[in-house]
file start.cif (mmCIF, C-alpha atoms)
data_target
#
loop_
_atom_site.label_atom_id
_atom_site.label_comp_id
_atom_site.auth_asym_id
_atom_site.auth_seq_id
_atom_site.Cartn_x
_atom_site.Cartn_y
_atom_site.Cartn_z
CA MET A 23 -0.15 30.31 9.22
CA GLY A 24 -0.33 26.88 7.70
CA SER A 25 -0.35 24.73 4.59
CA TYR A 26 -2.88 23.02 2.34
CA ILE A 27 -3.05 20.68 -0.61
CA HIS A 28 -3.42 23.03 -3.56
CA SER A 29 -3.74 20.40 -6.30
CA ILE A 30 -2.96 16.81 -7.28
CA GLU A 31 -2.36 15.18 -10.64
CA TYR A 32 -1.23 11.69 -11.50
CA TYR A 33 0.17 9.82 -14.43
CA LEU A 34 0.01 6.12 -15.23
CA PRO A 35 2.04 4.35 -17.92
CA THR A 36 0.05 3.49 -21.03
CA SER A 37 0.83 -0.26 -21.04
CA THR A 38 -1.30 -2.45 -18.83
CA LEU A 39 -1.13 -5.98 -17.49
CA SER A 40 -4.52 -7.60 -16.97
CA ASN A 41 -5.41 -10.59 -14.81
CA ALA A 42 -6.41 -12.38 -18.02
CA LYS A 43 -2.90 -11.89 -19.36
CA LEU A 44 -1.40 -13.14 -16.08
CA SER A 45 -3.67 -16.19 -16.25
CA GLN A 46 -2.34 -16.96 -19.72
CA GLU A 47 1.20 -16.94 -18.34
CA PHE A 48 0.25 -18.80 -15.18
CA PRO A 49 -2.75 -21.08 -15.98
CA GLU A 50 -3.18 -22.04 -12.31
CA TRP A 51 -3.71 -18.35 -11.48
CA GLU A 52 -7.44 -17.81 -12.09
CA ALA A 53 -8.23 -14.24 -13.18
CA ASP A 54 -11.60 -14.08 -11.42
CA LYS A 55 -10.21 -15.34 -8.14
CA ILE A 56 -7.34 -12.84 -8.21
CA GLU A 57 -9.74 -9.95 -8.78
CA GLU A 58 -12.11 -11.11 -6.07
CA LYS A 59 -9.34 -11.58 -3.55
CA ILE A 60 -7.08 -8.59 -4.08
CA GLY A 61 -9.48 -6.20 -5.82
CA ILE A 62 -7.22 -5.68 -8.81
CA ARG A 63 -8.18 -6.41 -12.42
CA SER A 64 -5.39 -4.63 -14.22
CA ARG A 65 -2.31 -2.58 -13.48
CA HIS A 66 -0.22 -0.12 -15.49
CA ILE A 67 3.33 -1.19 -16.24
CA THR A 68 6.22 0.90 -17.53
CA SER A 69 7.96 -0.05 -20.75
CA ARG A 70 11.61 -1.11 -20.77
CA ASN A 71 12.92 2.43 -21.21
CA GLU A 72 10.35 4.26 -19.14
CA THR A 73 11.41 5.05 -15.58
CA ALA A 74 9.99 6.41 -12.34
CA LEU A 75 11.54 9.76 -13.17
CA ASP A 76 9.65 9.80 -16.48
CA LEU A 77 6.41 9.09 -14.65
CA ALA A 78 7.26 11.77 -12.09
CA PHE A 79 7.96 14.26 -14.86
CA ASN A 80 4.64 13.53 -16.59
CA ALA A 81 2.64 13.81 -13.37
CA ALA A 82 4.38 17.06 -12.37
CA ASN A 83 4.05 18.50 -15.86
CA LYS A 84 0.32 17.82 -15.78
CA LEU A 85 0.04 19.60 -12.44
CA LEU A 86 2.09 22.59 -13.62
CA GLU A 87 -0.28 23.13 -16.54
CA GLY A 88 -2.52 24.70 -13.94
CA PHE A 89 0.07 26.50 -11.81
CA ASP A 90 2.81 29.03 -12.49
CA LYS A 91 5.97 26.93 -12.17
CA LYS A 92 8.02 30.01 -11.25
CA LEU A 93 6.26 29.89 -7.88
CA VAL A 94 7.43 26.36 -7.03
CA ASP A 95 10.23 26.73 -4.49
CA PHE A 96 10.88 23.15 -3.38
CA VAL A 97 10.78 19.73 -5.05
CA ILE A 98 10.60 16.47 -3.15
CA LEU A 99 10.65 13.12 -4.91
CA CYS A 100 9.73 9.89 -3.15
CA THR A 101 10.79 6.74 -4.98
CA GLN A 102 12.32 3.34 -4.40
CA SER A 103 13.04 2.94 -8.10
CA PRO A 104 15.49 5.79 -8.76
CA ASP A 105 16.97 6.33 -12.20
CA TYR A 106 20.43 6.57 -10.66
CA PHE A 107 22.15 6.15 -7.32
CA LEU A 108 23.28 9.68 -8.00
CA PRO A 109 22.47 12.38 -8.82
CA THR A 110 19.26 12.91 -6.90
CA GLY A 111 16.14 12.47 -9.03
CA ALA A 112 14.58 15.68 -7.70
CA CYS A 113 17.58 17.65 -9.04
CA ILE A 114 17.03 16.17 -12.50
CA LEU A 115 13.33 16.99 -12.25
CA GLN A 116 14.13 20.62 -11.39
CA ASP A 117 15.91 20.88 -14.71
CA ARG A 118 13.50 18.81 -16.81
CA LEU A 119 10.50 20.72 -15.50
CA GLY A 120 12.21 24.07 -16.05
CA LEU A 121 11.88 25.12 -12.42
CA ARG A 122 13.83 27.94 -10.82
CA LYS A 123 17.39 27.26 -9.72
CA ASP A 124 17.09 28.99 -6.35
CA ILE A 125 14.94 26.20 -4.92
CA GLY A 126 15.57 23.16 -2.76
CA ALA A 127 15.28 19.60 -4.04
CA PHE A 128 15.79 16.17 -2.53
CA ASP A 129 14.68 12.55 -2.79
CA PHE A 130 13.59 10.27 -0.03
CA ASN A 131 13.29 6.51 -0.05
CA LEU A 132 10.05 5.24 1.42
CA GLY A 133 7.32 2.99 0.10
CA CYS A 134 3.69 2.84 1.13
CA SER A 135 4.06 5.34 4.00
CA GLY A 136 5.84 7.82 1.72
CA TYR A 137 2.95 10.18 1.05
CA ILE A 138 2.35 10.84 4.73
CA TYR A 139 6.04 11.56 5.29
CA GLY A 140 6.09 13.77 2.19
CA LEU A 141 3.21 15.82 3.55
CA ALA A 142 5.02 16.11 6.87
CA PHE A 143 8.17 17.36 5.11
CA ALA A 144 6.16 19.85 3.03
CA LYS A 145 4.26 21.17 6.03
CA GLY A 146 7.52 21.59 7.94
CA LEU A 147 9.17 23.45 5.07
CA ILE A 148 6.23 25.80 4.73
CA ASN A 149 5.71 26.44 8.43
CA SER A 150 9.42 27.18 8.89
CA HIS A 151 9.30 29.70 6.01
CA ILE A 152 11.76 27.71 3.92
CA ALA A 153 9.26 27.28 1.10
CA SER A 154 5.79 28.41 0.05
CA ASN A 155 4.92 25.99 -2.76
CA VAL A 156 6.28 22.48 -2.39
CA LEU A 157 6.01 20.08 -5.30
CA LEU A 158 5.80 16.60 -3.79
CA ILE A 159 6.07 13.73 -6.25
CA MET A 160 5.57 10.05 -5.56
CA ALA A 161 6.82 7.86 -8.42
CA GLU A 162 7.18 4.12 -8.36
CA THR A 163 7.99 1.32 -10.77
CA TYR A 164 8.02 -1.81 -8.62
CA SER A 165 7.44 -3.83 -11.81
CA LYS A 166 11.14 -3.38 -12.51
CA HIS A 167 12.00 -4.93 -9.13
CA ILE A 168 9.80 -8.02 -9.65
CA HIS A 169 11.08 -11.23 -11.22
CA PRO A 170 8.96 -12.30 -14.23
CA SER A 171 8.17 -15.63 -12.54
CA ASP A 172 6.74 -13.94 -9.43
CA LYS A 173 3.02 -14.07 -10.18
CA SER A 174 1.94 -12.95 -6.71
CA ASN A 175 3.78 -9.65 -6.71
CA ARG A 176 3.08 -9.06 -10.39
CA SER A 177 -0.62 -9.37 -9.48
CA ILE A 178 -0.43 -6.79 -6.71
CA PHE A 179 1.86 -4.00 -7.81
CA GLY A 180 1.36 -1.43 -10.55
CA ASP A 181 3.51 1.49 -11.67
CA GLY A 182 2.47 5.12 -11.40
CA ALA A 183 3.27 8.62 -10.20
CA ALA A 184 1.38 11.39 -8.47
CA ALA A 185 2.33 15.03 -8.03
CA THR A 186 0.91 17.14 -5.20
CA LEU A 187 1.37 20.85 -4.71
CA ILE A 188 1.37 21.85 -1.05
CA SER A 189 1.14 25.60 -0.56
CA PHE A 190 1.17 28.25 2.13
CA SER A 191 -2.19 28.97 3.72
CA SER A 192 -3.44 31.42 6.33
CA ILE A 193 -4.87 28.50 8.30
CA GLU A 194 -3.50 25.00 8.84
CA ASN A 195 -5.26 22.38 6.73
CA ILE A 196 -2.69 19.63 7.23
CA HIS A 197 -3.13 18.60 10.81
CA LYS A 198 -0.93 16.70 13.26
CA PHE A 199 0.96 13.57 12.25
CA GLU A 200 1.57 10.24 13.86
CA LEU A 201 4.63 8.46 12.43
CA GLY A 202 6.30 5.15 13.19
CA THR A 203 9.19 2.90 12.25
CA ASP A 204 10.25 -0.67 12.97
CA GLY A 205 13.27 -1.75 10.94
CA SER A 206 13.12 -5.27 12.39
CA GLY A 207 10.61 -6.01 9.62
CA LYS A 208 13.08 -5.20 6.85
CA ASP A 209 13.39 -8.77 5.59
CA ASN A 210 9.65 -9.12 4.98
CA LEU A 211 9.59 -6.67 2.08
CA ILE A 212 12.95 -6.22 0.47
CA VAL A 213 14.87 -6.01 -2.79
CA LYS A 214 18.30 -7.42 -2.07
CA ARG A 215 19.86 -6.75 -5.45
CA GLY A 216 20.96 -3.40 -6.76
CA GLY A 217 22.43 -1.95 -3.56
CA MET A 218 25.89 -2.19 -2.05
CA ARG A 219 25.21 -4.85 0.60
CA ASN A 220 24.96 -7.72 -1.89
CA ILE A 221 26.64 -6.21 -4.90
CA GLU A 222 27.19 -9.62 -6.51
CA PHE A 223 23.42 -10.24 -6.67
CA SER A 224 23.01 -7.70 -9.45
CA ASN A 225 24.67 -10.11 -11.85
CA GLN A 226 22.49 -13.07 -10.82
CA ASP A 227 19.03 -13.68 -12.21
CA LEU A 228 17.71 -15.42 -9.11
CA PRO A 229 14.06 -14.71 -8.20
CA GLU A 230 14.89 -14.44 -4.49
CA ASN A 231 17.14 -11.46 -5.13
CA TYR A 232 14.36 -9.49 -6.76
CA LEU A 233 11.46 -8.02 -4.80
CA PHE A 234 10.51 -10.36 -1.98
CA MET A 235 7.36 -9.86 0.04
CA ASN A 236 6.30 -12.09 2.89
CA GLY A 237 2.58 -11.36 2.46
CA PRO A 238 1.37 -13.06 5.65
CA GLU A 239 3.97 -11.25 7.78
CA ILE A 240 3.04 -7.92 6.18
CA PHE A 241 -0.59 -8.76 6.95
CA ASN A 242 0.31 -9.39 10.60
CA PHE A 243 2.28 -6.15 10.71
CA THR A 244 -0.68 -4.12 9.47
CA LEU A 245 -3.02 -5.75 11.99
CA ASP A 246 -0.53 -4.95 14.75
CA ILE A 247 0.11 -1.37 13.70
CA VAL A 248 -2.74 0.23 11.78
CA PRO A 249 -5.63 0.17 14.28
CA ASP A 250 -3.36 1.66 16.95
CA LEU A 251 -1.96 4.22 14.49
CA VAL A 252 -5.47 5.36 13.62
CA GLN A 253 -6.47 5.71 17.27
CA LYS A 254 -3.32 7.70 18.06
CA VAL A 255 -3.68 10.16 15.17
CA LEU A 256 -7.36 10.69 15.96
CA LEU A 257 -6.54 11.35 19.61
CA LYS A 258 -3.69 13.70 18.73
CA ASN A 259 -6.06 15.76 16.59
CA ASN A 260 -9.01 15.59 19.00
CA GLU A 261 -11.05 13.70 16.44
CA SER A 262 -12.88 10.38 16.33
CA LEU A 263 -13.84 8.05 13.51
CA ASP A 264 -17.33 9.58 13.70
CA SER A 265 -16.03 13.12 13.21
CA ILE A 266 -13.93 12.12 10.20
CA ASP A 267 -15.74 12.54 6.88
CA PHE A 268 -13.67 10.14 4.83
CA CYS A 269 -10.78 7.69 5.18
CA ILE A 270 -8.13 7.01 2.58
CA PHE A 271 -5.71 4.27 3.49
CA HIS A 272 -2.78 3.11 1.39
CA GLN A 273 -4.43 0.94 -1.26
CA ALA A 274 -2.46 -2.23 -0.51
CA ASN A 275 -5.00 -4.82 -1.61
CA LYS A 276 -8.72 -5.34 -1.12
CA PHE A 277 -8.46 -8.28 1.24
CA MET A 278 -6.20 -6.48 3.69
CA LEU A 279 -8.14 -3.21 3.59
CA GLU A 280 -11.50 -4.90 4.03
CA TYR A 281 -10.23 -6.80 7.01
CA LEU A 282 -8.72 -3.67 8.58
CA ARG A 283 -11.92 -1.73 7.96
CA LYS A 284 -14.07 -4.37 9.62
CA LYS A 285 -11.65 -4.73 12.53
CA MET A 286 -11.67 -0.97 13.14
CA LYS A 287 -15.43 -0.74 12.55
CA VAL A 288 -15.12 2.00 9.92
CA ASP A 289 -18.30 2.78 8.01
CA PRO A 290 -17.81 1.35 4.48
CA ALA A 291 -19.51 4.47 3.05
CA LYS A 292 -16.58 6.60 4.15
CA PHE A 293 -13.78 4.18 3.48
CA TYR A 294 -12.10 4.28 0.07
CA LEU A 295 -11.29 1.02 -1.65
CA ASN A 296 -10.40 1.15 -5.31
CA MET A 297 -7.32 -0.21 -6.95
CA LEU A 298 -9.17 -2.16 -9.61
CA GLU A 299 -7.39 -0.66 -12.62
CA THR A 300 -4.18 0.58 -10.99
CA GLY A 301 -3.06 -2.07 -8.51
CA ASN A 302 -0.90 -1.13 -5.56
CA THR A 303 1.21 1.79 -6.77
CA VAL A 304 3.09 1.96 -3.45
CA SER A 305 3.66 5.58 -2.34
CA ALA A 306 1.37 6.91 -5.08
CA THR A 307 -1.80 5.10 -3.97
CA ILE A 308 -2.97 7.75 -1.48
CA PRO A 309 -2.65 10.80 -3.77
CA ILE A 310 -4.16 8.86 -6.68
CA ALA A 311 -7.08 7.87 -4.44
CA LEU A 312 -7.45 11.41 -3.09
CA LYS A 313 -7.51 12.87 -6.59
CA ASP A 314 -10.13 10.32 -7.70
CA CYS A 315 -12.22 11.03 -4.61
CA LEU A 316 -12.12 14.78 -5.27
CA GLU A 317 -13.10 14.27 -8.90
CA THR A 318 -15.95 11.89 -8.17
CA GLY A 319 -17.26 13.95 -5.26
CA LEU A 320 -16.60 11.32 -2.61
CA VAL A 321 -14.48 13.98 -0.93
CA LYS A 322 -15.74 17.55 -0.91
CA THR A 323 -14.54 20.96 0.27
CA GLY A 324 -14.73 21.16 4.03
CA TYR A 325 -14.23 17.42 4.56
CA LYS A 326 -11.86 16.13 7.19
CA VAL A 327 -9.99 13.25 5.58
CA LEU A 328 -7.93 10.67 7.42
CA LEU A 329 -4.86 9.54 5.47
CA VAL A 330 -3.02 6.37 6.53
CA GLY A 331 0.12 4.87 5.00
CA PHE A 332 1.97 1.72 6.06
CA GLY A 333 4.37 -0.80 4.63
CA VAL A 334 7.97 -1.49 3.67
CA GLY A 335 10.54 -0.63 6.32
CA TYR A 336 8.45 -1.22 8.34
CA SER A 337 7.31 2.38 8.19
CA TRP A 338 3.94 3.94 8.89
CA GLY A 339 2.24 7.28 9.26
CA ALA A 340 -1.11 9.01 9.41
CA THR A 341 -2.53 12.50 9.39
CA ILE A 342 -5.80 14.35 8.92
CA ILE A 343 -6.26 16.95 6.22
CA LEU A 344 -8.97 19.52 5.76
CA ILE A 345 -10.07 19.83 2.15
CA MET B 16 -17.11 -22.04 19.11
CA GLU B 17 -19.13 -25.17 18.47
CA LYS B 18 -17.48 -27.76 16.28
CA VAL B 19 -20.32 -27.75 13.75
CA VAL B 20 -20.17 -23.98 13.44
CA PHE B 21 -16.40 -24.11 13.13
CA PHE B 22 -16.58 -26.64 10.29
CA LYS B 23 -19.19 -24.58 8.45
CA LYS B 24 -17.27 -21.32 8.84
CA LEU B 25 -13.98 -22.90 7.78
CA LEU B 26 -15.64 -24.46 4.75
CA ALA B 27 -17.13 -21.13 3.72
CA GLU B 28 -14.15 -18.90 4.47
CA LEU B 29 -11.61 -21.07 2.69
CA GLU B 30 -14.12 -21.85 -0.10
CA LEU B 31 -13.28 -25.54 0.18
CA GLU B 32 -14.63 -27.80 -2.52
CA GLU B 33 -15.99 -30.43 -0.12
CA SER B 34 -19.69 -30.22 0.79
CA GLU B 35 -18.86 -30.85 4.44
CA ILE B 36 -15.80 -31.39 6.60
CA ASP B 37 -14.89 -32.81 9.99
CA GLU B 38 -11.74 -33.38 12.06
CA SER B 39 -10.45 -36.06 9.73
CA SER B 40 -10.74 -33.97 6.57
CA PRO B 41 -7.47 -33.13 4.84
CA LEU B 42 -6.51 -29.49 4.52
CA HIS B 43 -4.30 -28.22 1.72
CA ILE B 44 -3.86 -24.50 2.17
CA THR B 45 -2.97 -22.61 -0.99
CA SER B 46 -1.08 -19.33 -0.94
CA LEU B 47 -4.32 -17.47 -1.65
CA GLN B 48 -5.98 -19.22 1.30
CA THR B 49 -3.17 -18.44 3.75
CA LEU B 50 -4.26 -14.85 4.42
CA THR B 51 -7.89 -15.94 4.62
CA LEU B 52 -7.01 -18.53 7.24
CA MET B 53 -4.93 -16.01 9.18
CA SER B 54 -7.77 -13.50 9.26
CA PHE B 55 -10.22 -16.30 10.18
CA LEU B 56 -8.07 -17.26 13.18
CA ASP B 57 -7.64 -13.62 14.23
CA GLU B 58 -11.30 -12.73 13.85
CA HIS B 59 -12.88 -15.76 15.50
CA PHE B 60 -10.24 -16.88 17.98
CA GLY B 61 -8.00 -13.87 18.52
CA ILE B 62 -5.02 -15.92 17.40
CA ARG B 63 -2.24 -14.31 15.38
CA VAL B 64 -0.20 -16.95 13.54
CA LYS B 65 2.92 -16.81 11.43
CA VAL B 66 3.39 -18.76 8.21
CA LYS B 67 5.71 -21.19 9.97
CA ASP B 68 2.87 -22.05 12.38
CA LEU B 69 0.82 -23.24 9.41
CA ILE B 70 3.50 -25.57 8.10
CA GLY B 71 2.34 -29.13 8.73
CA ILE B 72 -1.30 -28.15 9.15
CA GLU B 73 -2.52 -30.75 6.69
CA SER B 74 -5.81 -31.69 8.30
CA VAL B 75 -8.71 -29.99 10.06
CA ARG B 76 -7.70 -31.82 13.23
CA LYS B 77 -4.20 -30.26 13.12
CA LEU B 78 -5.76 -26.84 12.68
CA MET B 79 -8.03 -27.44 15.65
CA GLU B 80 -4.98 -28.39 17.72
CA LEU B 81 -3.29 -25.16 16.68
CA ILE B 82 -6.33 -23.15 17.75
CA GLY B 83 -6.55 -25.00 21.05
CA LYS B 84 -9.02 -27.70 22.02
CA ASP B 85 -10.54 -25.47 24.70
CA LYS B 86 -11.71 -22.99 22.06
CA ILE B 87 -13.78 -25.47 20.04
CA ASP B 88 -16.48 -27.53 21.75
#
call {"tool": "encode", "arguments": {"input": "start.cif", "output": "structure tokens"}}
result
Amino acid sequence: MGSYIHSIEYYLPTSTLSNAKLSQEFPEWEADKIEEKIGIRSRHITSRNETALDLAFNAANKLLEGFDKKLVDFVILCTQSPDYFLPTGACILQDRLGLRKDIGAFDFNLGCSGYIYGLAFAKGLINSHIASNVLLIMAETYSKHIHPSDKSNRSIFGDGAAATLISFSSIENIHKFELGTDGSGKDNLIVKRGGMRNIEFSNQDLPENYLFMNGPEIFNFTLDIVPDLVQKVLLKNNESLDSIDFCIFHQANKFMLEYLRKKMKVDPAKFYLNMLETGNTVSATIPIALKDCLETGLVKTGYKVLLVGFGVGYSWGATIILI
Amino acid sequence: MEKVVFFKKLLAELELEESEIDESSPLHITSLQTLTLMSFLDEHFGIRVKVKDLIGIESVRKLMELIGKDKID
């Protein structure tokens, strides 16, 4: 008894923000240098009235074109840009997607590690016979958290959503997980406005109350955590980097991923790096990358793929899936 | 690391405009260069620095002091 990734679809907003456009707004920000450094040329950005839930709906709808929605018996939504404090976005999706009413639904709030945790939830639900077909949706609109004057974060983050169907299988294709948390890093990637702690900030248009990321500290965090995380998940699954066919890490930015890859001595031929036209879509980067890899043939049936997520929280996780 | 090699590597990694540098050269680290410098220090000297450690590093000499004189001949 086990679980497997049945299918993935993703949806990106139609509007885009190019480096050229950013350079027009910020003349000191050279488009070529941004692309070379972070590996991003353009990113998709939601319109004023388009939300993470809309992106989630579109991604899920696309996926359900190829699957009988009556068979979906659990919906999980991962977002840090919810439409409302309440009700839960996944409940709204159940209704908008026309799913059965006798199913479970919940949201969880994680960023770049979210996909790994979502897979862990889905596997647990399936293996405990609570569900057989879990619809896991990652939907993020960080652009709405970023102050217009923040050229650095506007360069890095893009909006997007990805829907994954995880289904019951006679064998286990989603292997063991390694998860981690260190809340002491909370101040290094944070949106202070909008919640209850600093309720007065929501009425102030101060850049510091929007999304704040201490890039160098996040860089240090990844160097501290990721190589060890990879070793632990490989060990737990009796695998090695040599026995893994392909690696998909959270697509944070090119500079960070290249440095991690070199530090861990991962063969570049089996290390995915592509956020050129999407930017960092937070929890959606891994499923978007996995879908692209499946479509382009970089990942094939029978491959063992290492998935690694890390970021805001701090929170991190990794697993190995069999395609 | 030999001084000459250090100067060459620093020049290349930070893509500095000068054709050559030495201890007395000024160093103005932009936000884009910060991560590059951090990875340079980690990769070549095994030093993990925080942003606050780089405040006041306005010359190559200051950077060499941060790295430690024993690590650059």
call {"tool": "resolve_selection", "arguments": {"input": "start.cif", "expression": "the PyMOL selection byres ((chain A and resi 45-52) around 10)", "output": "PyMOL selection string"}}
result
(chain A and resi 40-44+53-57+170-174+177) or (chain B and resi 47)
call {"tool": "write_last_selection", "arguments": {"input": "start.cif", "atoms": "C-alpha atoms", "output": "JSON list (two decimals), in the coordinates of the input"}}
result
[["chain", "number", "residue", "atom", "x", "y", "z"],
["A", 40, "SER", "CA", -4.52, -7.60, -16.97],
["A", 41, "ASN", "CA", -5.41, -10.59, -14.81],
["A", 42, "ALA", "CA", -6.41, -12.38, -18.02],
["A", 43, "LYS", "CA", -2.90, -11.89, -19.36],
["A", 44, "LEU", "CA", -1.40, -13.14, -16.08],
["A", 53, "ALA", "CA", -8.23, -14.24, -13.18],
["A", 54, "ASP", "CA", -11.60, -14.08, -11.42],
["A", 55, "LYS", "CA", -10.21, -15.34, -8.14],
["A", 56, "ILE", "CA", -7.34, -12.84, -8.21],
["A", 57, "GLU", "CA", -9.74, -9.95, -8.78],
["A", 170, "PRO", "CA", 8.96, -12.30, -14.23],
["A", 171, "SER", "CA", 8.17, -15.63, -12.54],
["A", 172, "ASP", "CA", 6.74, -13.94, -9.43],
["A", 173, "LYS", "CA", 3.02, -14.07, -10.18],
["A", 174, "SER", "CA", 1.94, -12.95, -6.71],
["A", 177, "SER", "CA", -0.62, -9.37, -9.48],
["B", 47, "LEU", "CA", -4.32, -17.47, -1.65]]
call {"tool": "resolve_selection", "arguments": {"input": "start.cif", "expression": "the PyMOL selection byres ((chain A) within 12 of (chain B))", "output": "PyMOL selection string"}}
result
chain A and resi 50-52+55-60+173-174+177+210+236-246+275-282+284-286
call {"tool": "write_last_selection", "arguments": {"input": "start.cif", "atoms": "C-alpha atoms", "output": "mmCIF file, in the frame of the given file"}}
result
data_model
loop_
_atom_site.group_PDB
_atom_site.id
_atom_site.type_symbol
_atom_site.label_atom_id
_atom_site.label_comp_id
_atom_site.auth_asym_id
_atom_site.auth_seq_id
_atom_site.Cartn_x
_atom_site.Cartn_y
_atom_site.Cartn_z
ATOM 1 C CA GLU A 50 -3.180 -22.040 -12.310
ATOM 2 C CA TRP A 51 -3.710 -18.350 -11.480
ATOM 3 C CA GLU A 52 -7.440 -17.810 -12.090
ATOM 4 C CA LYS A 55 -10.210 -15.340 -8.140
ATOM 5 C CA ILE A 56 -7.340 -12.840 -8.210
ATOM 6 C CA GLU A 57 -9.740 -9.950 -8.780
ATOM 7 C CA GLU A 58 -12.110 -11.110 -6.070
ATOM 8 C CA LYS A 59 -9.340 -11.580 -3.550
ATOM 9 C CA ILE A 60 -7.080 -8.590 -4.080
ATOM 10 C CA LYS A 173 3.020 -14.070 -10.180
ATOM 11 C CA SER A 174 1.940 -12.950 -6.710
ATOM 12 C CA SER A 177 -0.620 -9.370 -9.480
ATOM 13 C CA ASN A 210 9.650 -9.120 4.980
ATOM 14 C CA ASN A 236 6.300 -12.090 2.890
ATOM 15 C CA GLY A 237 2.580 -11.360 2.460
ATOM 16 C CA PRO A 238 1.370 -13.060 5.650
ATOM 17 C CA GLU A 239 3.970 -11.250 7.780
ATOM 18 C CA ILE A 240 3.040 -7.920 6.180
ATOM 19 C CA PHE A 241 -0.590 -8.760 6.950
ATOM 20 C CA ASN A 242 0.310 -9.390 10.600
ATOM 21 C CA PHE A 243 2.280 -6.150 10.710
ATOM 22 C CA THR A 244 -0.680 -4.120 9.470
ATOM 23 C CA LEU A 245 -3.020 -5.750 11.990
ATOM 24 C CA ASP A 246 -0.530 -4.950 14.750
ATOM 25 C CA ASN A 275 -5.000 -4.820 -1.610
ATOM 26 C CA LYS A 276 -8.720 -5.340 -1.120
ATOM 27 C CA PHE A 277 -8.460 -8.280 1.240
ATOM 28 C CA MET A 278 -6.200 -6.480 3.690
ATOM 29 C CA LEU A 279 -8.140 -3.210 3.590
ATOM 30 C CA GLU A 280 -11.500 -4.900 4.030
ATOM 31 C CA TYR A 281 -10.230 -6.800 7.010
ATOM 32 C CA LEU A 282 -8.720 -3.670 8.580
ATOM 33 C CA LYS A 284 -14.070 -4.370 9.620
ATOM 34 C CA LYS A 285 -11.650 -4.730 12.530
ATOM 35 C CA MET A 286 -11.670 -0.970 13.140
#
call {"tool": "resolve_selection", "arguments": {"input": "start.cif", "expression": "the PyMOL selection byres ((chain B and resi 37) around 9)", "output": "CSV table (one decimal) with C-alpha atoms, keeping the file's coordinate frame"}}
result
chain,number,residue,atom,x,y,z
B,18,LYS,CA,-17.5,-27.8,16.3
B,19,VAL,CA,-20.3,-27.8,13.8
B,22,PHE,CA,-16.6,-26.6,10.3
B,35,GLU,CA,-18.9,-30.8,4.4
B,36,ILE,CA,-15.8,-31.4,6.6
B,38,GLU,CA,-11.7,-33.4,12.1
B,39,SER,CA,-10.4,-36.1,9.7
B,40,SER,CA,-10.7,-34.0,6.6
B,75,VAL,CA,-8.7,-30.0,10.1
B,76,ARG,CA,-7.7,-31.8,13.2
call {"tool": "atom_distance", "arguments": {"input": "start.cif", "atom1": "atom CA of A:Ser135", "atom2": "atom CA of A:Ser305"}}
result
6.4 Å
call {"tool": "atom_distance", "arguments": {"input": "start.cif", "atom1": "atom CA of A:Gly126", "atom2": "atom CA of A:Tyr139"}}
result
17.0 Å
call {"tool": "residues_around", "arguments": {"input": "start.cif", "residues": "B:Ile44", "least_positions_apart": "5", "cutoff": "9 Å", "atoms": "only C-alpha atoms", "output": "list of chain:residue names"}}
result
B:Leu29, B:Thr49, B:Leu52, B:Leu69, B:Ile72, B:Glu73
call {"tool": "atom_distance", "arguments": {"input": "start.cif", "atom1": "atom CA of A:Arg176", "atom2": "atom CA of A:Gly207"}}
result
21.6 Å
call {"tool": "closest_residue", "arguments": {"input": "start.cif", "among": "A:Lys292, A:Ala78, A:Lys145, A:Thr68", "to": "A:Leu115", "atoms": "all atoms listed in the file"}}
result
A:Ala78
call {"tool": "closest_residue", "arguments": {"input": "start.cif", "among": "A:Lys208, A:His28, A:Lys84, A:Arg70", "to": "A:Val156", "atoms": "only C-alpha atoms"}}
result
A:His28
call {"tool": "residues_around", "arguments": {"input": "start.cif", "residues": "A:Gly339", "least_positions_apart": "4", "cutoff": "7 Å", "atoms": "all atoms listed in the file", "output": "PDB file with C-alpha atoms, in the frame of the given file"}}
result
ATOM      1  CA  SER A 135       4.060   5.340   4.000  1.00  0.00           C
ATOM      2  CA  ILE A 138       2.350  10.840   4.730  1.00  0.00           C
ATOM      3  CA  TYR A 139       6.040  11.560   5.290  1.00  0.00           C
ATOM      4  CA  GLU A 200       1.570  10.240  13.860  1.00  0.00           C
ATOM      5  CA  LEU A 201       4.630   8.460  12.430  1.00  0.00           C
ATOM      6  CA  GLY A 202       6.300   5.150  13.190  1.00  0.00           C
ATOM      7  CA  VAL A 330      -3.020   6.370   6.530  1.00  0.00           C
ATOM      8  CA  GLY A 331       0.120   4.870   5.000  1.00  0.00           C
ATOM      9  CA  PHE A 332       1.970   1.720   6.060  1.00  0.00           C
TER      10      PHE A 332
END
